[in-house]
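One structure is given below, encoded as structure tokens.
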Amino acid sequence: AGLTEARSVRLVPLYVPVPGLDPRLDGFRILHLSDLHLGYLPGVADAVTATTRGLKVDLCVLTGDYAPRYGTPPDRVIAGIKAILAGVSSQYGVYLTLGNYDSAPLARALRAESGWRLLINEQVQIRHAGATVTLTGLDDPYQQPHAPLQQTLCQPGEGFRIVLAHAPELAADAAAGGVDLYLCGHTHGGQICLPRGRAVFKNTRRPDLARGLWREGGMWGYTTSGAGISGIPRRHNCPPEVALLTLVAVREAPD
């Protein structure tokens with residue numbers, strides 16, 4: 001049962017109600033993948049590819065942990081990512097950040113590819129129908145020193161501000177800096193959970209943000225359960241996922 005669940009990747013549609021959202025961004029669609037751990041368990045990559053095939057989105061983002069282990073040859077990981085993204089149509093491209101399983105050689109290989117852009121404490125801007133989306137990609141906040149990451153968060157940004165980070169550790173800093181949406185993974189949602197998805201081990205210093213859609217101050221955040229696995233090659237009561245987020249303009253703050 002654990003093996004079957006680990007290979008049963010699902011597409012999770014989410015609607016994010018944003019008070020005061022620029023109406024030109026109403027309906028903006030973001031595909032979010034994380035924690036692929038490509039090659040750790042046969043069949044997972046094929047399941048992710050089948051789940052994402054044919055999707056048309058405005059933006060595609062990946063938030064780290066592409067490799068199954070540190071010593072994995074980068075070319076194998078790159079090939080796996082390419083296969084998954086081949087069936088995805090993203091109007092404004094693909095952006096990635098690093099996770100705690102991603103080595104320096106893999107980072108160099110990711111940066112050398114022209115099909116996407118790796119963001120390591122960097123910021124880019126996207127123009128959509130005349131509106132601005134500022135995208136900030138952080139280095140892994142779970143293991144890396146926070147000071148350089150916090151300096152990146154202090155940079156001013158225009159329009160709707162999105163942070164890509166591997167883990168939810170810097171959610172409070174991002175919210176304090178005026179970020180609108182924080183996308184992360186790392187926790188696997190617990191991976192091995194009790195009934196009703198109650199995680200045995202959350203693997204974060206922000207256990208309240210270990211899974212799903214959440215609020216931190218005025219900021220929305222989403223911690224995906226991830227598509228892959230690590231450690232125990234099973235999932236229980238915590239199916240793997242690919243998230244599809246749609247921004248929705250609302251007049252008032254949600255309850």
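Identifiers for the structure tokens are assigned positionally: chains receive A, B, ... in sequence, residues are indexed from 1 per chain, and ligands are indexed from 1 in the order shown.
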DSSP strand (DSSP E or B) residues within region 73-241 of chain A, listed as an MDAnalysis selection string
chainID A and resid 89:90 94:97 117:118 122:128 131:137 160:164 181:184 192:194 198:199 212:216 219:223 236 241
Can I get the selection written as a short mmCIF file (atom, residue, chain, number, x, y, z; two decimals), in the first residue's frame, with C-alpha atoms?
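The result, stored in selection-v4.cif:
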```cif
data_model
loop_
_atom_site.label_atom_id
_atom_site.label_comp_id
_atom_site.auth_asym_id
_atom_site.auth_seq_id
_atom_site.Cartn_x
_atom_site.Cartn_y
_atom_site.Cartn_z
CA SER A 89 3.52 24.72 -21.48
CA SER A 90 4.51 27.70 -19.32
CA VAL A 94 10.40 27.76 -15.64
CA TYR A 95 12.21 28.91 -12.50
CA LEU A 96 14.01 26.74 -9.94
CA THR A 97 15.57 27.02 -6.51
CA ARG A 117 16.45 29.65 -14.87
CA LEU A 118 17.95 28.78 -11.49
CA GLU A 122 18.07 36.44 -6.98
CA GLN A 123 15.06 38.39 -8.15
CA VAL A 124 13.39 38.63 -11.56
CA GLN A 125 10.33 40.44 -12.85
CA ILE A 126 7.62 39.15 -15.14
CA ARG A 127 5.13 41.30 -17.01
CA HIS A 128 1.67 39.84 -17.50
CA ALA A 131 0.93 43.87 -14.49
CA THR A 132 4.19 43.04 -12.70
CA VAL A 133 5.07 39.85 -10.86
CA THR A 134 8.33 39.91 -8.88
CA LEU A 135 9.79 36.46 -8.37
CA THR A 136 12.46 35.92 -5.70
CA GLY A 137 14.34 32.62 -5.48
CA PHE A 160 2.71 40.88 -6.85
CA ARG A 161 5.65 39.38 -4.97
CA ILE A 162 6.32 35.64 -4.92
CA VAL A 163 9.09 33.89 -2.99
CA LEU A 164 10.39 30.46 -3.98
CA LEU A 181 2.94 34.42 -1.79
CA TYR A 182 5.53 31.98 -0.42
CA LEU A 183 5.94 28.62 -2.17
CA CYS A 184 7.97 25.82 -0.62
CA ILE A 192 4.52 8.72 6.72
CA CYS A 193 1.35 9.94 8.39
CA LEU A 194 -1.31 8.69 10.75
CA ARG A 198 -1.39 13.61 10.85
CA ALA A 199 2.37 13.72 10.35
CA GLY A 212 -0.89 22.78 2.67
CA LEU A 213 -2.15 26.32 2.26
CA TRP A 214 -1.50 28.73 5.13
CA ARG A 215 -1.37 32.38 6.15
CA GLU A 216 1.52 34.21 7.78
CA MET A 219 0.94 36.63 3.18
CA TRP A 220 -0.33 33.41 1.65
CA GLY A 221 1.92 30.38 1.60
CA TYR A 222 1.80 26.86 0.31
CA THR A 223 3.91 23.93 1.50
CA HIS A 236 1.14 6.50 4.03
CA GLU A 241 1.32 15.84 -5.36
#
```
Considering only C-alpha atoms, give me a table of residues in region 77-154 of chain A that are at most 12 Å from region 47-51 of chain A, with the closest atom pair and distance in Å for each, as CSV.
```
residue,atom,partner,partner_atom,distance
A:Gly80,CA,A:Thr49,CA,9.4
A:Ile81,CA,A:Thr49,CA,9.3
A:Lys82,CA,A:Thr49,CA,9.8
A:Ala83,CA,A:Thr49,CA,7.0
A:Ile84,CA,A:Thr49,CA,4.5
A:Leu85,CA,A:Thr49,CA,7.5
A:Ala86,CA,A:Thr49,CA,8.3
A:Gly87,CA,A:Thr49,CA,7.3
A:Val88,CA,A:Thr49,CA,9.0
```
Skipping near chain neighbours, those fewer than 2 positions away, what residues fall within 9 Å of Ala227 (chain A) using only C-alpha atoms, listed as a ChimeraX atom specification?
/A:6-7,9-10,33-37,44-45,47-48,188,224-225,229,239-242
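Among the candidate residues A:His166, A:Gln191, A:Pro145, A:Leu247, the one lying nearest to Arg234 (chain A) is A:Gln191, with distances computed using only C-alpha atoms.
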Those of region 12-238 of chain A in DSSP alpha helix (DSSP H), formatted as an NGL selection string:
:A and (44-52 or 74-85 or 104-112 or 146-153 or 171-176)
Choose the residue, out of A:Phe201, A:Tyr15, A:Tyr66, A:Trp116, that has the smallest atom-to-atom separation from Gly99 (chain A); count only C-alpha atoms.
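Closest residue, counting only C-alpha atoms: A:Tyr66.
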Nearby residues (only C-alpha atoms) at most 8 Å from Asp26 (chain A), same-chain spacing under 5 positions excluded, as a PyMOL selection string
chain A and resi 21+247-249
Which residue, A:Leu55, A:Gln91, A:Val16, A:Ala172, has the smallest gap to Ala129 (chain A) when you use only C-alpha atoms?
A:Gln91
Gly71 (chain A) environment, 10 Å, only C-alpha atoms, sequence neighbours closer than 4 positions dropped, as a list in words
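Contacts, with the query itself left out: Ala67, Tyr101, Asp102, Ser103, Pro105 and Leu106 of chain A.
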What is the CA of Leu25 (chain A) to CA of Ala171 (chain A) distance in Å?
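Computing the Euclidean distance for CA of Leu25 (chain A) and CA of Ala171 (chain A) yields 22.8 Å.
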